[in-house]
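Data block for my_file_5.cif (mmCIF, C-alpha atoms and all ligand atoms):
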```cif
data_run
#
loop_
_atom_site.label_atom_id
_atom_site.label_comp_id
_atom_site.auth_asym_id
_atom_site.auth_seq_id
_atom_site.Cartn_x
_atom_site.Cartn_y
_atom_site.Cartn_z
CA MET A 1 -4.87 25.12 -22.59
CA THR A 2 -1.41 23.89 -23.57
CA SER A 3 1.66 23.37 -21.41
CA ALA A 4 3.00 26.65 -22.90
CA ASP A 5 0.32 28.46 -20.89
CA LEU A 6 1.96 27.37 -17.63
CA SER A 7 4.75 29.43 -16.05
CA ILE A 8 6.85 26.45 -15.07
CA ASP A 9 10.04 28.50 -14.68
CA SER A 10 8.42 30.73 -12.06
CA LEU A 11 6.95 27.68 -10.34
CA ILE A 12 10.40 26.07 -10.12
CA GLY A 13 11.76 29.38 -8.82
CA GLU A 14 9.10 29.41 -6.10
CA LEU A 15 9.79 25.78 -5.17
CA THR A 16 13.46 26.62 -4.87
CA THR A 17 12.77 29.69 -2.75
CA LEU A 18 10.48 27.70 -0.49
CA GLY A 19 13.15 24.99 -0.20
CA ARG A 20 15.63 27.56 1.08
CA ILE A 21 13.32 28.31 3.98
CA SER A 22 14.72 25.52 6.08
CA GLU A 23 16.04 24.76 9.55
CA ALA A 24 18.95 22.99 7.85
CA GLU A 25 21.59 24.19 5.44
CA PRO A 26 20.17 24.10 1.84
CA PRO A 27 19.69 21.89 -0.12
CA VAL A 28 18.55 19.98 2.97
CA VAL A 29 14.98 20.89 3.84
CA THR A 30 13.75 20.59 7.43
CA ARG A 31 10.56 22.43 8.33
CA VAL A 32 8.95 21.19 11.49
CA VAL A 33 5.44 22.45 12.14
CA PHE A 34 5.21 25.72 14.08
CA GLY A 35 9.00 26.11 14.00
CA GLU A 36 10.60 29.26 12.71
CA ALA A 37 11.07 27.92 9.15
CA ASP A 38 7.50 26.64 9.01
CA ARG A 39 6.24 30.06 9.99
CA ARG A 40 8.37 31.83 7.38
CA ALA A 41 7.30 29.31 4.74
CA ARG A 42 3.64 29.93 5.58
CA ALA A 43 4.16 33.68 5.21
CA TYR A 44 5.89 33.20 1.84
CA VAL A 45 3.15 30.98 0.42
CA LYS A 46 0.34 33.18 1.78
CA GLY A 47 2.03 36.15 0.09
CA LEU A 48 2.02 34.30 -3.25
CA CYS A 49 -1.66 33.48 -2.77
CA ALA A 50 -2.48 37.10 -2.01
CA ASP A 51 -0.52 38.19 -5.10
CA ALA A 52 -2.80 35.91 -7.12
CA GLY A 53 -5.84 37.71 -5.69
CA LEU A 54 -6.93 34.75 -3.54
CA THR A 55 -8.74 35.31 -0.25
CA VAL A 56 -6.70 33.70 2.51
CA THR A 57 -8.15 32.37 5.78
CA GLU A 58 -6.73 30.06 8.47
CA ASP A 59 -8.34 27.77 11.00
CA ALA A 60 -7.40 27.23 14.62
CA ILE A 61 -4.53 24.87 13.85
CA GLY A 62 -3.18 26.78 10.88
CA ASN A 63 -4.78 24.89 8.02
CA THR A 64 -4.78 27.60 5.35
CA PHE A 65 -7.43 28.17 2.68
CA ALA A 66 -6.78 30.44 -0.31
CA ARG A 67 -9.95 30.93 -2.30
CA TRP A 68 -10.53 32.04 -5.87
CA VAL A 69 -14.16 33.01 -5.52
CA GLY A 70 -16.41 31.52 -8.18
CA THR A 71 -19.35 33.17 -9.92
CA ASP A 72 -21.67 31.09 -7.71
CA PRO A 73 -20.02 31.44 -4.31
CA HIS A 74 -22.76 29.47 -2.55
CA LEU A 75 -21.66 26.23 -4.21
CA GLY A 76 -19.14 24.03 -2.39
CA PRO A 77 -15.65 24.77 -3.76
CA ILE A 78 -13.26 22.41 -5.49
CA GLY A 79 -10.16 22.09 -3.35
CA THR A 80 -6.58 21.33 -4.21
CA GLY A 81 -3.39 21.47 -2.17
CA SER A 82 -1.07 19.57 0.14
CA HIS A 83 1.46 20.43 2.88
CA ILE A 84 4.63 22.49 3.24
CA ASP A 85 6.03 21.03 6.45
CA ALA A 86 8.99 18.74 5.84
CA ILE A 87 10.56 15.94 7.87
CA PRO A 88 14.17 16.36 9.04
CA ASN A 89 16.60 15.92 6.14
CA ALA A 90 13.94 16.18 3.42
CA GLY A 91 13.91 17.56 -0.11
CA LEU A 92 12.10 20.23 -2.10
CA TYR A 93 9.10 18.47 -3.56
CA ASP A 94 7.15 16.39 -1.04
CA GLY A 95 3.94 18.35 -0.40
CA CYS A 96 5.27 21.59 -1.89
CA VAL A 97 4.59 20.46 -5.47
CA GLY A 98 0.93 20.08 -4.56
CA VAL A 99 0.74 23.50 -2.91
CA LEU A 100 2.73 25.60 -5.37
CA GLY A 101 1.60 23.45 -8.33
CA GLY A 102 -2.00 23.96 -7.25
CA LEU A 103 -1.38 27.70 -7.08
CA GLU A 104 0.19 27.66 -10.55
CA ALA A 105 -2.85 25.76 -11.89
CA ILE A 106 -5.09 28.53 -10.48
CA ARG A 107 -2.91 31.31 -11.88
CA THR A 108 -2.87 29.66 -15.30
CA LEU A 109 -6.66 29.47 -15.36
CA GLN A 110 -6.83 33.12 -14.29
CA LYS A 111 -4.41 34.11 -17.03
CA LEU A 112 -6.51 32.31 -19.64
CA GLY A 113 -9.59 34.29 -18.55
CA PHE A 114 -11.41 31.29 -17.09
CA ARG A 115 -14.16 32.15 -14.62
CA PRO A 116 -15.00 29.28 -12.26
CA ARG A 117 -18.63 28.78 -11.27
CA ARG A 118 -17.62 26.99 -8.08
CA SER A 119 -14.86 28.60 -6.08
CA ILE A 120 -11.47 26.92 -6.37
CA GLU A 121 -9.65 26.71 -3.07
CA LEU A 122 -6.01 25.99 -2.39
CA VAL A 123 -5.51 24.21 0.93
CA ILE A 124 -2.21 24.12 2.84
CA PHE A 125 -2.59 21.50 5.55
CA THR A 126 -0.85 21.80 8.90
CA ALA A 127 1.62 19.08 9.91
CA GLU A 128 1.09 16.33 7.40
CA GLU A 129 4.38 15.01 8.73
CA PRO A 130 4.40 13.33 12.15
CA THR A 131 7.77 14.78 13.16
CA ARG A 132 6.68 17.07 15.96
CA PHE A 133 3.63 15.44 17.51
CA GLY A 134 4.21 11.83 16.46
CA ILE A 135 1.00 11.62 14.44
CA GLY A 136 0.67 12.25 10.70
CA CYS A 137 -1.89 14.43 8.90
CA LEU A 138 -2.69 16.44 12.02
CA GLY A 139 -4.48 19.26 10.19
CA SER A 140 -6.54 17.13 7.82
CA ARG A 141 -7.19 14.58 10.59
CA MET A 142 -8.81 17.34 12.64
CA MET A 143 -10.64 18.75 9.61
CA ALA A 144 -12.19 15.31 9.08
CA GLY A 145 -13.11 15.03 12.76
CA ALA A 146 -10.89 11.94 13.13
CA LEU A 147 -8.96 13.62 15.93
CA GLY A 148 -11.07 15.65 18.33
CA ALA A 149 -10.11 18.84 20.13
CA GLU A 150 -9.75 17.13 23.50
CA ALA A 151 -7.36 14.46 22.20
CA ALA A 152 -5.42 17.10 20.26
CA ARG A 153 -4.89 19.11 23.44
CA THR A 154 -3.00 16.16 24.95
CA LEU A 155 -0.40 16.11 22.14
CA ARG A 156 3.14 17.08 23.11
CA ASP A 157 6.41 17.22 21.29
CA ASN A 158 9.61 15.53 22.44
CA GLU A 159 10.58 18.55 24.48
CA GLY A 160 7.28 18.32 26.35
CA ARG A 161 5.75 21.39 24.67
CA GLY A 162 2.03 21.03 24.10
CA LEU A 163 0.11 21.55 20.88
CA GLU A 164 -1.95 24.27 22.58
CA GLU A 165 1.11 26.33 23.52
CA LEU A 166 2.83 25.82 20.17
CA ARG A 167 -0.10 26.64 17.92
CA GLN A 168 -0.91 29.76 19.91
CA ALA A 169 2.70 30.92 19.75
CA ALA A 170 2.43 30.49 15.97
CA GLY A 171 -0.62 32.77 15.95
CA PHE A 172 -3.45 30.22 15.81
CA THR A 173 -5.69 30.95 18.76
CA GLY A 174 -9.26 30.02 17.78
CA PRO A 175 -11.15 27.12 19.38
CA LEU A 176 -9.90 23.71 18.21
CA GLU A 177 -13.56 22.64 18.20
CA SER A 178 -14.13 24.85 15.15
CA ILE A 179 -11.75 22.91 12.87
CA PRO A 180 -13.93 20.02 11.56
CA LEU A 181 -15.37 20.72 8.12
CA SER A 182 -19.11 20.88 7.68
CA ALA A 183 -20.76 18.47 5.23
CA GLY A 184 -20.43 19.74 1.67
CA ARG A 185 -17.70 22.22 2.59
CA PHE A 186 -15.77 20.87 -0.41
CA ALA A 187 -17.51 19.51 -3.50
CA GLY A 188 -14.30 17.73 -4.43
CA PHE A 189 -10.60 17.69 -3.64
CA ILE A 190 -7.54 16.79 -5.72
CA GLU A 191 -4.02 16.50 -4.32
CA LEU A 192 -1.05 16.71 -6.67
CA HIS A 193 2.02 14.95 -5.22
CA ILE A 194 5.25 13.29 -6.22
CA GLU A 195 4.86 9.51 -6.36
CA GLN A 196 7.57 8.84 -3.74
CA GLY A 197 8.08 5.51 -5.49
CA PRO A 198 9.77 4.43 -8.73
CA GLU A 199 6.92 3.22 -10.93
CA LEU A 200 6.04 6.24 -13.09
CA GLU A 201 9.63 7.19 -13.85
CA ARG A 202 10.58 3.60 -14.66
CA LYS A 203 7.69 3.25 -17.10
CA GLY A 204 8.05 6.77 -18.53
CA ILE A 205 4.46 7.63 -17.62
CA ASP A 206 3.51 11.27 -17.08
CA VAL A 207 0.91 10.98 -14.33
CA GLY A 208 -0.52 8.42 -11.92
CA LEU A 209 -4.19 8.56 -11.00
CA VAL A 210 -4.46 7.29 -7.45
CA THR A 211 -7.37 4.96 -6.80
CA HIS A 212 -6.54 3.96 -3.20
CA ILE A 213 -4.36 5.26 -0.37
CA ALA A 214 -2.74 2.65 1.89
CA ALA A 215 -3.63 2.32 5.57
CA PRO A 216 -0.97 3.73 7.91
CA ALA A 217 -0.47 2.91 11.58
CA SER A 218 2.02 3.88 14.22
CA VAL A 219 2.88 2.31 17.57
CA ARG A 220 5.08 3.83 20.25
CA ILE A 221 6.86 1.37 22.54
CA LEU A 222 8.62 2.23 25.80
CA MET A 223 11.04 -0.18 27.41
CA GLU A 224 12.26 0.12 30.96
CA GLY A 225 15.07 -2.14 32.06
CA GLU A 226 17.87 -1.58 34.51
CA GLY A 227 20.89 0.61 33.88
CA GLY A 228 24.30 0.17 35.36
CA HIS A 229 28.02 0.07 34.77
CA ALA A 230 28.88 -1.50 31.41
CA GLY A 231 32.06 -3.07 32.78
CA ALA A 232 31.15 -4.03 36.31
CA THR A 233 27.70 -5.50 35.69
CA LEU A 234 28.06 -9.11 34.54
CA MET A 235 25.91 -10.47 31.72
CA PRO A 236 23.74 -12.90 33.71
CA GLY A 237 20.63 -11.13 34.97
CA ARG A 238 21.06 -7.96 32.95
CA ARG A 239 17.86 -6.16 31.97
CA ASP A 240 19.17 -4.16 29.00
CA ALA A 241 16.36 -2.11 27.45
CA LEU A 242 18.14 -1.69 24.12
CA ALA A 243 18.80 -5.41 23.71
CA ALA A 244 15.07 -5.93 24.27
CA ALA A 245 14.32 -3.22 21.71
CA ALA A 246 16.62 -4.92 19.21
CA GLU A 247 14.53 -8.07 19.46
CA LEU A 248 11.36 -6.10 18.83
CA ILE A 249 12.81 -4.28 15.83
CA LEU A 250 13.67 -7.60 14.23
CA ALA A 251 10.31 -9.10 15.23
CA LEU A 252 8.56 -6.25 13.44
CA GLU A 253 10.70 -6.63 10.33
CA ASN A 254 10.02 -10.32 10.33
CA GLY A 255 6.28 -9.74 10.85
CA ALA A 256 6.08 -7.45 7.80
CA ARG A 257 8.13 -9.82 5.62
CA SER A 258 6.17 -12.87 6.64
CA THR A 259 2.77 -11.66 5.37
CA GLY A 260 4.05 -12.67 1.94
CA ALA A 261 2.50 -9.48 0.52
CA ILE A 262 4.75 -6.92 -1.12
CA ASP A 263 2.36 -4.22 0.14
CA THR A 264 3.14 -4.79 3.83
CA VAL A 265 5.86 -2.46 5.11
CA ALA A 266 7.12 -1.74 8.61
CA THR A 267 9.82 0.59 9.88
CA VAL A 268 11.29 1.62 13.21
CA GLY A 269 12.35 5.18 12.45
CA VAL A 270 12.95 6.39 16.00
CA CYS A 271 15.00 4.67 18.69
CA GLU A 272 15.89 6.83 21.67
CA VAL A 273 18.27 5.37 24.18
CA PHE A 274 18.71 6.55 27.77
CA PRO A 275 21.20 7.50 29.12
CA GLY A 276 23.04 7.13 25.80
CA ALA A 277 26.54 6.69 27.21
CA VAL A 278 28.91 4.11 25.77
CA ASN A 279 29.84 2.67 29.16
CA SER A 280 26.32 2.54 30.58
CA ILE A 281 23.70 -0.20 30.16
CA PRO A 282 20.61 1.32 28.48
CA SER A 283 17.87 1.58 31.07
CA ARG A 284 15.17 3.13 28.87
CA VAL A 285 14.37 3.00 25.17
CA ARG A 286 11.61 4.56 23.14
CA LEU A 287 10.75 3.13 19.73
CA GLU A 288 8.42 4.72 17.19
CA THR A 289 7.19 2.34 14.55
CA ASP A 290 5.41 2.85 11.23
CA ILE A 291 3.38 -0.04 9.82
CA ARG A 292 1.38 0.09 6.58
CA ASP A 293 -0.48 -1.98 4.06
CA ILE A 294 -3.12 -1.43 1.45
CA GLU A 295 -5.18 -4.00 3.42
CA ALA A 296 -5.92 -2.81 6.93
CA ALA A 297 -6.60 -6.34 8.24
CA ARG A 298 -3.19 -7.61 7.13
CA ARG A 299 -1.51 -4.57 8.69
CA ASP A 300 -3.42 -5.19 11.91
CA GLY A 301 -2.09 -8.76 11.91
CA VAL A 302 1.46 -7.38 11.91
CA ILE A 303 0.57 -5.05 14.79
CA ALA A 304 -0.90 -7.97 16.74
CA ALA A 305 2.25 -10.03 16.15
CA LEU A 306 4.39 -7.16 17.42
CA HIS A 307 2.20 -6.94 20.50
CA GLY A 308 2.73 -10.67 21.06
CA ALA A 309 6.50 -10.21 20.72
CA CYS A 310 6.38 -7.44 23.35
CA ASP A 311 4.70 -9.80 25.84
CA GLU A 312 7.19 -12.55 25.16
CA VAL A 313 10.29 -10.33 25.34
CA GLN A 314 9.00 -8.62 28.48
CA LYS A 315 8.62 -11.94 30.28
CA ARG A 316 11.86 -13.46 29.10
CA ARG A 317 14.07 -10.40 29.67
CA GLY A 318 12.38 -8.88 32.69
CA VAL A 319 12.15 -5.54 30.89
CA LYS A 320 8.91 -3.62 31.37
CA ILE A 321 7.35 -2.81 28.00
CA SER A 322 4.50 -0.37 27.50
CA TRP A 323 2.65 0.12 24.29
CA GLU A 324 0.73 2.99 22.75
CA LEU A 325 -1.17 2.67 19.50
CA VAL A 326 -0.77 6.21 18.13
CA ASN A 327 -2.97 5.69 15.08
CA ALA A 328 -4.31 2.88 12.90
CA ASP A 329 -6.17 4.54 10.06
CA PRO A 330 -8.28 2.80 7.46
CA PRO A 331 -7.27 3.07 3.79
CA ALA A 332 -9.08 5.51 1.50
CA THR A 333 -10.78 4.94 -1.83
CA CYS A 334 -10.67 7.74 -4.36
CA ASP A 335 -13.82 9.02 -6.02
CA PRO A 336 -14.64 7.48 -9.45
CA ALA A 337 -16.08 10.73 -10.82
CA ILE A 338 -12.97 12.74 -9.94
CA LEU A 339 -10.78 9.96 -11.33
CA ALA A 340 -12.81 10.04 -14.55
CA ALA A 341 -12.33 13.82 -14.75
CA LEU A 342 -8.58 13.39 -14.23
CA GLU A 343 -8.45 10.69 -16.88
CA ALA A 344 -10.32 12.85 -19.40
CA SER A 345 -7.99 15.77 -18.63
CA ALA A 346 -4.89 13.60 -19.04
CA LYS A 347 -6.17 12.45 -22.45
CA ALA A 348 -7.08 15.98 -23.53
CA ALA A 349 -3.66 17.23 -22.39
CA GLY A 350 -1.96 14.45 -24.36
CA ARG A 351 -0.38 13.00 -21.22
CA SER A 352 0.21 9.33 -20.57
CA TYR A 353 -1.30 8.01 -17.35
CA GLN A 354 -1.94 4.92 -15.29
CA MET A 355 -4.09 4.04 -12.30
CA MET A 356 -2.10 3.25 -9.15
CA VAL A 357 -2.22 3.05 -5.36
CA SER A 358 -0.48 5.40 -2.98
CA ARG A 359 1.70 3.60 -0.48
CA ALA A 360 2.53 6.85 1.27
CA TYR A 361 -0.17 8.58 3.25
CA HIS A 362 -1.39 12.04 2.42
CA ASP A 363 -3.90 14.58 3.68
CA SER A 364 -6.24 13.14 1.05
CA LEU A 365 -6.55 10.06 3.27
CA PHE A 366 -8.57 12.23 5.67
CA MET A 367 -10.14 14.57 3.12
CA ALA A 368 -11.68 11.43 1.60
CA ARG A 369 -13.80 11.14 4.76
CA VAL A 370 -15.47 14.50 4.13
CA ALA A 371 -15.35 15.03 0.36
CA PRO A 372 -14.95 13.15 -2.91
CA VAL A 373 -11.18 12.99 -3.39
CA ALA A 374 -8.57 11.80 -5.85
CA MET A 375 -4.81 12.18 -6.11
CA LEU A 376 -2.58 12.92 -9.06
CA PHE A 377 0.98 11.61 -8.91
CA ILE A 378 3.98 12.73 -10.92
CA PRO A 379 7.28 10.83 -11.15
CA CYS A 380 10.23 11.53 -8.90
CA ARG A 381 13.76 10.50 -9.78
CA GLY A 382 14.63 6.99 -8.66
CA GLY A 383 11.49 6.94 -6.53
CA ILE A 384 13.50 8.83 -3.90
CA SER A 385 11.67 10.88 -1.29
CA HIS A 386 12.13 11.99 2.33
CA ARG A 387 15.74 12.71 1.35
CA PRO A 388 17.53 15.89 0.24
CA ASP A 389 18.20 14.40 -3.22
CA GLU A 390 14.47 14.09 -3.92
CA TYR A 391 13.92 15.46 -7.46
CA ALA A 392 11.14 15.98 -9.97
CA ALA A 393 12.06 17.41 -13.38
CA PRO A 394 10.33 20.65 -14.42
CA GLU A 395 8.62 18.87 -17.32
CA TRP A 396 7.20 16.23 -14.95
CA ILE A 397 5.86 18.93 -12.67
CA GLY A 398 4.49 20.78 -15.71
CA ALA A 399 2.58 17.68 -16.85
CA GLY A 400 1.00 17.31 -13.41
CA VAL A 401 0.01 20.96 -13.17
CA HIS A 402 -1.39 20.85 -16.70
CA VAL A 403 -3.66 17.89 -15.91
CA LEU A 404 -4.60 19.42 -12.54
CA ALA A 405 -5.53 22.79 -14.08
CA ARG A 406 -7.74 21.18 -16.71
CA THR A 407 -9.46 19.04 -14.08
CA LEU A 408 -10.05 21.96 -11.71
CA ALA A 409 -11.54 23.95 -14.61
CA HIS A 410 -13.84 21.06 -15.49
CA LEU A 411 -15.00 20.37 -11.94
CA ALA A 412 -15.50 24.06 -11.12
CA SER A 413 -17.53 24.80 -14.28
C1 LIG A 501 4.03 10.82 4.42
O1 LIG A 501 4.90 11.65 4.57
C2 LIG A 501 4.25 9.45 4.65
O2 LIG A 501 5.12 9.13 5.52
O3 LIG A 501 3.64 8.63 3.96
MN MN A 502 6.39 13.25 3.51
MN MN A 503 3.72 14.56 1.36
#
```
Before anything else, please render the file you have as structure tokens.
Amino acid sequence: MTSADLSIDSLIGELTTLGRISEAEPPVVTRVVFGEADRRARAYVKGLCADAGLTVTEDAIGNTFARWVGTDPHLGPIGTGSHIDAIPNAGLYDGCVGVLGGLEAIRTLQKLGFRPRRSIELVIFTAEEPTRFGIGCLGSRMMAGALGAEAARTLRDNEGRGLEELRQAAGFTGPLESIPLSAGRFAGFIELHIEQGPELERKGIDVGLVTHIAAPASVRILMEGEGGHAGATLMPGRRDALAAAAELILALENGARSTGAIDTVATVGVCEVFPGAVNSIPSRVRLETDIRDIEAARRDGVIAALHGACDEVQKRRGVKISWELVNADPPATCDPAILAALEASAKAAGRSYQMMVSRAYHDSLFMARVAPVAMLFIPCRGGISHRPDEYAAPEWIGAGVHVLARTLAHLAS
């Protein structure tokens, strides 16, 4: 197989078409799970899978499986794939490169007359992004049994709509209990993804072979103070919920910086203020925080320090602070045998490569609990991601798909 065997132009065309299926004006991509754009995007991708002769099935939360049946269908398949939901104000490539690139890898192998012994299965995970339900990797988390049906039923979006109602409205009605994968369901899984960081592009390296995925955590903090007139209420004795939140935001930033490790990162990406009027003292604030590290213990230290800051600020300011640990997931280690297969494929394809860690989380974090997993990164311009100007050049995508296709062929033989 050479890169000339890949139909990169059609793949870029499909990525572009998928990107236009958005809640926002293109080129901005926003596709929140179970929203109208997410549903149209699912239909588009399922249509492409059907055109490629794949057998498409869906589970009770909309995780989608498109199978190229192997000559020995009793063997566990080799999976590949990623997600097509997109955070607000996103770009074209996050997740979608792994889905449509995985499909292109399959189509290329079909075109070359390859017949897999193991089935090769493209997986499109539901809600990798935490936008709607506040927790990342919802679909793969449930597939791995890390989030049970009962806990999932309690999830609600910001408008108070429950997961149960929303998934059923999107056409997914089966029992949530049926989602976890049985042992051996996948013999291996590889996720192709943009790096979302600057390293590969800066070094001019074609692909990154991911050895570890960093440990993500999220904490939701609610502050209740006392509202009132911004002019008539004097400063002494105020219980301003937003001023308390400001202290916590800085405490978290300071906590992440003070580990001394470049791998510790912390972000407050959501700050909702009630009532949100310029002449009214904020009485309620909701913060959503994202805290990560490649070492779970160091990340947990930052979480503990934030908890301590909550206690201190609560006492000093008289603002009631409540705390919800949404998730604190362990890191994942990729499988040496799949990494060795990726490395051999990169060499055979004449592509430069390096081993690296993933600082972003991915569905592979959870797939690693139920199957041998590795990830394959390609560069993205300037390391930019989760922004509309996210970009991966066609030749970078081609290199990733080339290495992926060779590896799938090897592992499925
Ligand atoms: C995935 O989107 C992440 O936030 O790492
Ligand atoms: Mn993302
Ligand atoms: Mn992603």
### Task
Name the residues, by chain letter and number, that sit within 12 Å of ligand LIG 501 (chain A) using all atoms listed in the file, and give them as a PyMOL selection string.
chain A and resi 82-88+90-91+93-96+127-131+134-138+193-197+213-218+265-267+269+289-293+358-365+385-387
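Pairwise distance (atom CA of A:Met356, atom CA of A:Val370) equals 21.9 Å.
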### Query
Neighbours of A:Pro27 within 12 Å (only C-alpha atoms; same-chain residues fewer than 6 positions away dropped), as a PyMOL selection string?
chain A and resi 15-21+89-93+387-391
Which neighbours of stretch 219-230 of chain A fall inside 8 Å, counting only C-alpha atoms, when residues of the same chain fewer than 2 positions from it are skipped, and could you give them as a compact mmCIF listing (two decimals) with C-alpha atoms, in the coordinates of the input?
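result-v1.txt, written as the output of this step:
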```txt
# COMPACT_ATOMS: atom_id res chain seq x y z
CA ALA A 217 -0.47 2.91 11.58
CA ALA A 232 31.15 -4.03 36.31
CA THR A 233 27.70 -5.50 35.69
CA ARG A 238 21.06 -7.96 32.95
CA ARG A 239 17.86 -6.16 31.97
CA ASP A 240 19.17 -4.16 29.00
CA ALA A 241 16.36 -2.11 27.45
CA LEU A 242 18.14 -1.69 24.12
CA ALA A 244 15.07 -5.93 24.27
CA ALA A 245 14.32 -3.22 21.71
CA VAL A 278 28.91 4.11 25.77
CA ASN A 279 29.84 2.67 29.16
CA SER A 280 26.32 2.54 30.58
CA ILE A 281 23.70 -0.20 30.16
CA PRO A 282 20.61 1.32 28.48
CA SER A 283 17.87 1.58 31.07
CA ARG A 284 15.17 3.13 28.87
CA VAL A 285 14.37 3.00 25.17
CA ARG A 286 11.61 4.56 23.14
CA LEU A 287 10.75 3.13 19.73
CA GLU A 288 8.42 4.72 17.19
CA THR A 289 7.19 2.34 14.55
CA ASP A 290 5.41 2.85 11.23
CA GLY A 318 12.38 -8.88 32.69
CA VAL A 319 12.15 -5.54 30.89
CA LYS A 320 8.91 -3.62 31.37
CA ILE A 321 7.35 -2.81 28.00
CA SER A 322 4.50 -0.37 27.50
CA TRP A 323 2.65 0.12 24.29
CA GLU A 324 0.73 2.99 22.75
CA LEU A 325 -1.17 2.67 19.50
CA VAL A 326 -0.77 6.21 18.13
CA ASN A 327 -2.97 5.69 15.08
```
### Query
Counting only C-alpha atoms, which residues come within 12 Å of (6.0, 31.5, 19.3), with the point read in the file's coordinates, and could you list them as a list in words?
Val33, Phe34, Gly35, Glu36, Ala37, Asp38, Arg39, Arg161, Leu163, Glu164, Glu165, Leu166, Arg167, Gln168, Ala169, Ala170, Gly171, Phe172 and Thr173 of chain A
### Message
For A:Ser7, find every residue with an atom within 10 Å (counting only C-alpha atoms), except residues of its own chain fewer than 4 positions away, and show them as number ranges by chain.
### Response
A: 3, 11-12, 104-105, 107-108, 398
### Message
Could you check the closest approach to ligand MN 503 (chain A) for each of A:Thr264, A:Ser182, A:Thr126, A:Ser413 and tell me which residue wins, using all atoms listed in the file?
### Response
A:Thr126
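Between ligand MN 503 (chain A) and the residues A:Ala340, A:Val97, A:Cys271, A:Ala368, the shortest atom-to-atom distance, using all atoms listed in the file, involves A:Val97.
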